[in-house]
>>> print(open('structure26.tsv').read())   # TSV, C-alpha atoms
chain	number	residue	atom	x	y	z
G	704	MET	CA	-18.57	-25.19	49.58
G	705	SER	CA	-18.22	-23.05	52.72
G	706	PHE	CA	-19.56	-25.81	54.92
G	707	ALA	CA	-17.08	-28.31	53.46
G	708	LEU	CA	-14.24	-25.82	53.96
G	709	VAL	CA	-15.20	-25.28	57.61
G	710	VAL	CA	-15.36	-29.01	58.32
G	711	PHE	CA	-12.03	-29.62	56.58
G	712	THR	CA	-10.27	-26.74	58.34
G	713	LEU	CA	-11.52	-27.60	61.82
G	714	ASN	CA	-10.77	-31.29	61.37
G	715	GLN	CA	-7.27	-30.57	60.09
G	716	LEU	CA	-6.47	-28.20	62.95
G	717	ASN	CA	-7.87	-30.52	65.60
G	718	THR	CA	-6.01	-33.55	64.22
G	719	ARG	CA	-2.74	-31.65	63.99
G	720	LYS	CA	-3.17	-30.30	67.51
G	721	HIS	CA	-3.72	-33.78	68.98
G	722	ASP	CA	-0.74	-35.17	67.07
G	723	LEU	CA	1.50	-32.42	68.43
G	724	TYR	CA	0.20	-33.01	71.95
G	725	PHE	CA	1.01	-36.73	71.65
G	726	ARG	CA	4.49	-35.83	70.39
G	727	PHE	CA	4.90	-33.46	73.34
G	728	LYS	CA	4.10	-36.22	75.85
G	729	THR	CA	6.34	-38.70	74.03
G	730	CYS	CA	9.25	-36.26	74.14
G	731	LEU	CA	8.75	-35.83	77.89
G	732	PHE	CA	9.09	-39.57	78.47
G	733	GLU	CA	12.21	-39.62	76.27
G	734	PHE	CA	13.51	-36.75	78.38
G	735	ASP	CA	12.97	-38.83	81.54
G	736	LYS	CA	14.89	-41.74	80.04
G	737	PHE	CA	17.80	-39.42	79.34
G	738	LEU	CA	17.79	-37.94	82.84
G	739	LYS	CA	17.81	-41.41	84.46
G	740	ASP	CA	21.37	-41.89	83.23
G	741	TYR	CA	22.50	-39.11	85.60
G	742	SER	CA	22.40	-38.75	89.33
G	743	ALA	CA	19.32	-36.93	90.64
G	744	LYS	CA	21.44	-35.55	93.51
G	745	ASP	CA	22.71	-32.92	91.12
G	746	ALA	CA	20.53	-29.80	91.31
G	747	ILE	CA	20.35	-29.39	87.55
G	748	ILE	CA	19.03	-32.94	87.09
G	749	HIS	CA	16.67	-32.59	90.02
G	750	GLU	CA	15.11	-29.42	88.59
G	751	ALA	CA	14.91	-30.98	85.13
G	752	LEU	CA	13.01	-33.98	86.56
G	753	ALA	CA	10.69	-31.63	88.43
G	754	LEU	CA	10.06	-29.67	85.24
G	755	SER	CA	9.32	-32.83	83.28
G	756	TRP	CA	6.95	-34.02	85.99
G	757	ASP	CA	5.13	-30.70	85.98
G	758	LEU	CA	4.74	-30.66	82.19
G	759	LYS	CA	3.26	-34.16	82.18
G	760	PHE	CA	0.19	-32.85	84.00
G	761	LEU	CA	-0.63	-30.45	81.17
G	762	LYS	CA	-3.86	-31.27	79.37
G	763	ILE	CA	-4.60	-30.38	75.80
G	764	ASP	CA	-7.10	-27.79	77.02
G	765	ASP	CA	-4.26	-25.98	78.84
G	766	PHE	CA	-2.77	-24.90	75.52
G	767	PRO	CA	-1.70	-22.40	74.32
G	768	LEU	CA	0.81	-22.01	77.14
G	769	MET	CA	1.28	-18.37	78.07
G	770	ASN	CA	3.71	-19.06	80.94
G	771	TRP	CA	6.29	-21.29	79.26
G	772	LYS	CA	9.13	-18.98	80.27
G	773	ASP	CA	7.95	-18.94	83.89
G	774	ARG	CA	7.92	-22.74	83.97
G	775	LEU	CA	11.57	-22.83	82.88
G	776	THR	CA	12.70	-20.15	85.31
G	777	PRO	CA	13.68	-22.53	88.22
G	778	TRP	CA	15.75	-24.74	85.92
G	779	VAL	CA	17.37	-21.76	84.21
G	780	GLY	CA	18.41	-20.40	87.62
G	781	VAL	CA	20.03	-23.73	88.54
G	782	MET	CA	21.70	-23.88	85.13
G	783	ASN	CA	23.26	-20.44	85.63
G	784	ASP	CA	24.60	-21.50	89.03
G	785	TRP	CA	25.87	-24.76	87.56
G	786	ASN	CA	27.80	-22.90	84.87
G	787	TYR	CA	29.69	-20.64	87.29
G	788	PRO	CA	33.47	-21.18	87.18
G	789	GLU	CA	33.59	-22.09	90.84
G	790	GLU	CA	30.89	-24.68	90.24
G	791	GLN	CA	32.85	-26.17	87.38
G	792	ALA	CA	35.76	-26.72	89.78
G	793	ARG	CA	33.65	-28.73	92.18
G	794	GLY	CA	35.41	-31.98	91.24
G	795	SER	CA	37.78	-31.91	94.17
G	796	GLU	CA	38.54	-34.96	96.29
G	797	SER	CA	36.45	-33.63	99.18
G	798	ASN	CA	33.44	-32.93	96.95
G	799	PRO	CA	33.43	-35.28	93.94
G	800	PRO	CA	31.03	-34.37	91.11
G	801	GLU	CA	27.79	-36.28	90.71
G	802	ASN	CA	27.59	-35.63	86.97
G	803	ASP	CA	30.82	-34.68	85.24
G	804	ASP	CA	29.44	-34.59	81.69
G	805	PRO	CA	30.70	-31.28	80.21
G	806	ASN	CA	27.84	-31.29	77.68
G	807	LEU	CA	25.07	-31.98	80.18
G	808	VAL	CA	23.55	-28.50	79.94
G	809	ASN	CA	23.60	-28.56	76.16
G	810	ARG	CA	21.92	-31.96	76.09
G	811	ILE	CA	19.13	-30.77	78.38
G	812	LEU	CA	18.77	-27.57	76.36
G	813	GLY	CA	18.34	-29.70	73.25
G	814	PHE	CA	15.33	-31.47	74.78
G	815	LEU	CA	13.85	-28.25	76.12
G	816	GLY	CA	14.34	-26.51	72.78
G	817	TYR	CA	12.48	-29.30	70.99
G	818	LEU	CA	9.69	-29.16	73.57
G	819	GLU	CA	9.43	-25.40	73.08
G	820	ILE	CA	9.08	-25.85	69.32
G	821	ILE	CA	6.19	-28.28	69.87
G	822	VAL	CA	4.54	-25.92	72.35
G	823	ASN	CA	4.79	-23.08	69.83
G	824	GLU	CA	3.29	-25.23	67.08
G	825	ILE	CA	0.37	-26.20	69.32
G	826	GLY	CA	-0.13	-22.50	70.02
G	827	VAL	CA	-0.29	-21.86	66.27
G	828	MET	CA	-2.96	-24.56	65.95
G	829	CYS	CA	-4.94	-22.91	68.75
G	830	VAL	CA	-4.77	-19.58	66.94
G	831	GLY	CA	-5.90	-21.34	63.77
G	832	GLN	CA	-8.92	-22.70	65.62
G	833	ILE	CA	-9.80	-19.17	66.71
G	834	ARG	CA	-9.46	-17.93	63.14
G	835	ALA	CA	-11.63	-20.79	61.92
G	836	GLY	CA	-14.43	-19.24	63.95
G	837	ARG	CA	-14.58	-16.46	61.37
G	838	LEU	CA	-15.21	-19.02	58.67
G	839	THR	CA	-17.89	-20.62	60.84
G	840	ALA	CA	-19.61	-17.25	61.10
G	841	LEU	CA	-19.47	-17.01	57.31
G	842	VAL	CA	-21.19	-20.37	56.95
G	843	MET	CA	-23.84	-19.31	59.45
G	844	LYS	CA	-24.53	-16.18	57.40
G	845	ALA	CA	-24.85	-18.29	54.25
G	846	LEU	CA	-27.35	-20.59	55.96
G	847	VAL	CA	-29.38	-17.60	57.17
G	848	VAL	CA	-29.47	-16.12	53.68
G	849	LEU	CA	-30.54	-19.46	52.27
G	850	ALA	CA	-33.34	-19.72	54.82
G	851	LEU	CA	-34.51	-16.18	54.00
G	852	LEU	CA	-34.45	-17.01	50.30
G	853	LEU	CA	-36.70	-20.01	50.87
G	854	VAL	CA	-39.09	-17.88	52.90
G	855	VAL	CA	-39.24	-15.28	50.13
G	856	LEU	CA	-39.93	-17.96	47.55
G	857	VAL	CA	-42.83	-19.27	49.60
G	858	VAL	CA	-44.19	-15.74	50.13
G	859	CYS	CA	-43.93	-14.99	46.41
G	860	TYR	CA	-45.90	-18.15	45.65
G	861	GLU	CA	-48.64	-17.62	48.23
G	862	THR	CA	-49.08	-13.86	48.56
G	863	GLY	CA	-51.97	-11.99	47.01
G	864	LEU	CA	-51.19	-8.54	48.44
G	865	PRO	CA	-50.42	-6.03	45.69
G	866	TRP	CA	-48.60	-3.64	48.04
G	867	LEU	CA	-46.05	-6.36	48.82
G	868	TRP	CA	-45.08	-6.97	45.21
G	869	PRO	CA	-42.53	-4.08	44.88
G	870	ALA	CA	-40.65	-5.33	47.92
G	871	LEU	CA	-40.60	-8.87	46.58
G	872	VAL	CA	-39.34	-7.64	43.22
G	873	ALA	CA	-36.40	-5.93	44.97
G	874	THR	CA	-35.40	-9.03	46.95
G	875	PRO	CA	-33.13	-10.46	44.20
G	876	VAL	CA	-30.90	-7.38	44.51
G	877	PHE	CA	-30.51	-8.02	48.24
G	878	PHE	CA	-29.69	-11.71	47.86
G	879	ILE	CA	-27.32	-11.17	44.94
G	880	SER	CA	-25.43	-8.42	46.81
G	881	PHE	CA	-25.18	-10.57	49.92
G	882	ALA	CA	-23.93	-13.55	47.89
G	883	VAL	CA	-21.29	-11.42	46.14
G	884	PHE	CA	-19.93	-10.12	49.45
G	885	MET	CA	-19.78	-13.65	50.88
G	886	LEU	CA	-17.92	-14.91	47.80
G	887	PHE	CA	-15.39	-12.10	48.21
G	888	GLU	CA	-14.98	-13.03	51.88
G	889	ILE	CA	-14.43	-16.69	51.01
G	890	ALA	CA	-11.87	-15.73	48.36
G	891	TYR	CA	-10.01	-13.53	50.88
G	892	PHE	CA	-9.98	-16.33	53.45
G	893	LEU	CA	-8.62	-18.83	50.90
G	894	HIS	CA	-5.97	-16.31	49.85
G	895	ARG	CA	-4.82	-15.89	53.45
G	896	GLU	CA	-4.70	-19.64	54.02
G	897	ASP	CA	-2.68	-20.14	50.84
G	898	ARG	CA	-0.14	-17.51	51.88
G	899	GLU	CA	0.28	-19.06	55.32
G	900	ASN	CA	1.01	-22.44	53.73
G	901	LEU	CA	3.71	-20.69	51.67
G	902	SER	CA	5.29	-18.90	54.61
G	903	PHE	CA	8.77	-19.58	53.19
G	904	VAL	CA	8.04	-17.33	50.17
G	905	ALA	CA	9.06	-13.66	50.41
G	906	TRP	CA	6.07	-11.60	49.25
G	907	ASP	CA	6.44	-8.08	47.90
G	908	ASP	CA	4.16	-6.50	50.50
G	909	ASP	CA	6.12	-8.21	53.29
G	910	ARG	CA	9.28	-6.59	51.98
G	911	ALA	CA	7.49	-3.26	51.84
G	912	ASP	CA	6.42	-3.61	55.47
G	913	ALA	CA	10.00	-4.49	56.45
G	914	ASP	CA	11.31	-1.44	54.61
G	915	GLU	CA	8.78	0.78	56.38
G	916	GLU	CA	9.87	-0.61	59.75
G	917	GLU	CA	13.51	0.08	58.91
G	918	GLU	CA	12.68	3.62	57.84
G	919	SER	CA	10.75	4.22	61.04
G	920	VAL	CA	13.66	2.92	63.15
G	921	GLU	CA	16.45	4.86	61.47
G	922	PRO	CA	15.31	8.35	62.60
G	923	LEU	CA	15.07	7.07	66.18
G	924	GLU	CA	18.62	5.74	66.00
G	925	TRP	CA	19.77	9.06	64.59
G	926	ARG	CA	18.08	11.02	67.38
G	927	ARG	CA	19.78	8.87	70.03
G	928	SER	CA	23.16	9.63	68.54
>>> encode(input="structure26.tsv", output="structure tokens")
Amino acid sequence: MSFALVVFTLNQLNTRKHDLYFRFKTCLFEFDKFLKDYSAKDAIIHEALALSWDLKFLKIDDFPLMNWKDRLTPWVGVMNDWNYPEEQARGSESNPPENDDPNLVNRILGFLGYLEIIVNEIGVMCVGQIRAGRLTALVMKALVVLALLLVVLVVCYETGLPWLWPALVATPVFFISFAVFMLFEIAYFLHREDRENLSFVAWDDDRADADEEEESVEPLEWRRS
């Protein structure tokens, strides 16, 4: 059962991760198609094209991205300059605007926001793969216990040493205790997985943790005042 659960979990995470990576690359090409409708002479379009070009070189092994904010910093700086009032008045006769779409920034932010959601979901899959390593360790322990059990069975069948009999008689207690602990661990893992799939449900202990955080914050607020 544990082996089947490990194979299913790893396969599900890996498949989902590759699907999200394909969606990430597809969104980048859609982003390029959108940017082609505007003049690249505008700094905000130029930086957006550079950002898209940089993100296309990301491989699936580069995830999770820990520097997503740093990658957006150049474009965000250009966006802030582009949104200045004096920049908005750049449509004079001596300096006609390259891109006069008033919603240009919002359109680009829409693409970048969707890309960020995909990047975050891939990061969650990466964390899930790390957590699946715990289940792999559980399966390895089960296989080791099974191998030891087979060795004990062979020893019990072949041995003729009377001094070894008390130890062999006590072996069932060891194997039963080990099996009980592993079953508890499997049950706990399944419980955690079930709760993560129902992340939209408000659990009682989550509310208790939130209340404790609020109680811990209130005295600090009172001290500041």
>>> residues_around(input="structure26.tsv", residues="range 763-768 of chain G", least_positions_apart="6", cutoff="10 Å", atoms="all atoms listed in the file", output="list of chain:residue names")
G:Lys720, G:His721, G:Leu723, G:Tyr724, G:Phe725, G:Arg774, G:Val822, G:Asn823, G:Glu824, G:Ile825, G:Gly826, G:Val827, G:Met828, G:Cys829, G:Val830
>>> residues_near_point(input="structure26.tsv", point="(25.5, -29.2, 78.5)", cutoff="12 Å", atoms="all atoms listed in the file", output="mmCIF file with C-alpha atoms, keeping the file's coordinate frame")
data_model
loop_
_atom_site.group_PDB
_atom_site.id
_atom_site.type_symbol
_atom_site.label_atom_id
_atom_site.label_comp_id
_atom_site.auth_asym_id
_atom_site.auth_seq_id
_atom_site.Cartn_x
_atom_site.Cartn_y
_atom_site.Cartn_z
ATOM 1 C CA ILE G 747 20.350 -29.390 87.550
ATOM 2 C CA ILE G 748 19.030 -32.940 87.090
ATOM 3 C CA MET G 782 21.700 -23.880 85.130
ATOM 4 C CA ASN G 783 23.260 -20.440 85.630
ATOM 5 C CA TRP G 785 25.870 -24.760 87.560
ATOM 6 C CA ASN G 786 27.800 -22.900 84.870
ATOM 7 C CA GLN G 791 32.850 -26.170 87.380
ATOM 8 C CA ASN G 802 27.590 -35.630 86.970
ATOM 9 C CA ASP G 803 30.820 -34.680 85.240
ATOM 10 C CA ASP G 804 29.440 -34.590 81.690
ATOM 11 C CA PRO G 805 30.700 -31.280 80.210
ATOM 12 C CA ASN G 806 27.840 -31.290 77.680
ATOM 13 C CA LEU G 807 25.070 -31.980 80.180
ATOM 14 C CA VAL G 808 23.550 -28.500 79.940
ATOM 15 C CA ASN G 809 23.600 -28.560 76.160
ATOM 16 C CA ARG G 810 21.920 -31.960 76.090
ATOM 17 C CA ILE G 811 19.130 -30.770 78.380
ATOM 18 C CA LEU G 812 18.770 -27.570 76.360
ATOM 19 C CA GLY G 813 18.340 -29.700 73.250
ATOM 20 C CA PHE G 814 15.330 -31.470 74.780
ATOM 21 C CA LEU G 815 13.850 -28.250 76.120
#
>>> atom_distance(input="structure26.tsv", atom1="CA of Leu818 in chain G", atom2="CA of Leu754 in chain G")
11.7 Å
>>> closest_residue(input="structure26.tsv", among="G:Asn717, G:Ser755, G:Ser742, G:Thr776", to="Thr729 in chain G", atoms="only C-alpha atoms")
G:Ser755
>>> atom_distance(input="structure26.tsv", atom1="CA of Tyr741 in chain G", atom2="CA of Asp784 in chain G")
18.1 Å
>>> atom_distance(input="structure26.tsv", atom1="CA of Pro777 in chain G", atom2="CA of Asp757 in chain G")
12.0 Å
>>> closest_residue(input="structure26.tsv", among="G:Leu871, G:Val710, G:Ala743, G:Val842", to="Met885 in chain G", atoms="all atoms listed in the file")
G:Val842
>>> closest_residue(input="structure26.tsv", among="G:Ala890, G:Leu731, G:Leu841, G:Val857", to="Lys759 in chain G", atoms="only C-alpha atoms")
G:Leu731
>>> residues_around(input="structure26.tsv", residues="Asp735 in chain G", least_positions_apart="4", cutoff="9 Å", atoms="all atoms listed in the file", output="PyMOL selection string")
chain G and resi 730-731+739+751-752+755-756
>>> closest_residue(input="structure26.tsv", among="G:Leu893, G:Leu856, G:Leu758, G:Ile821", to="Phe732 in chain G", atoms="all atoms listed in the file")
G:Leu758
>>> residues_around(input="structure26.tsv", residues="Pro875 in chain G", least_positions_apart="2", cutoff="12 Å", atoms="only C-alpha atoms", output="VMD selection string")
chain G and resid 848 851 to 852 855 to 856 859 869 to 873 877 to 882
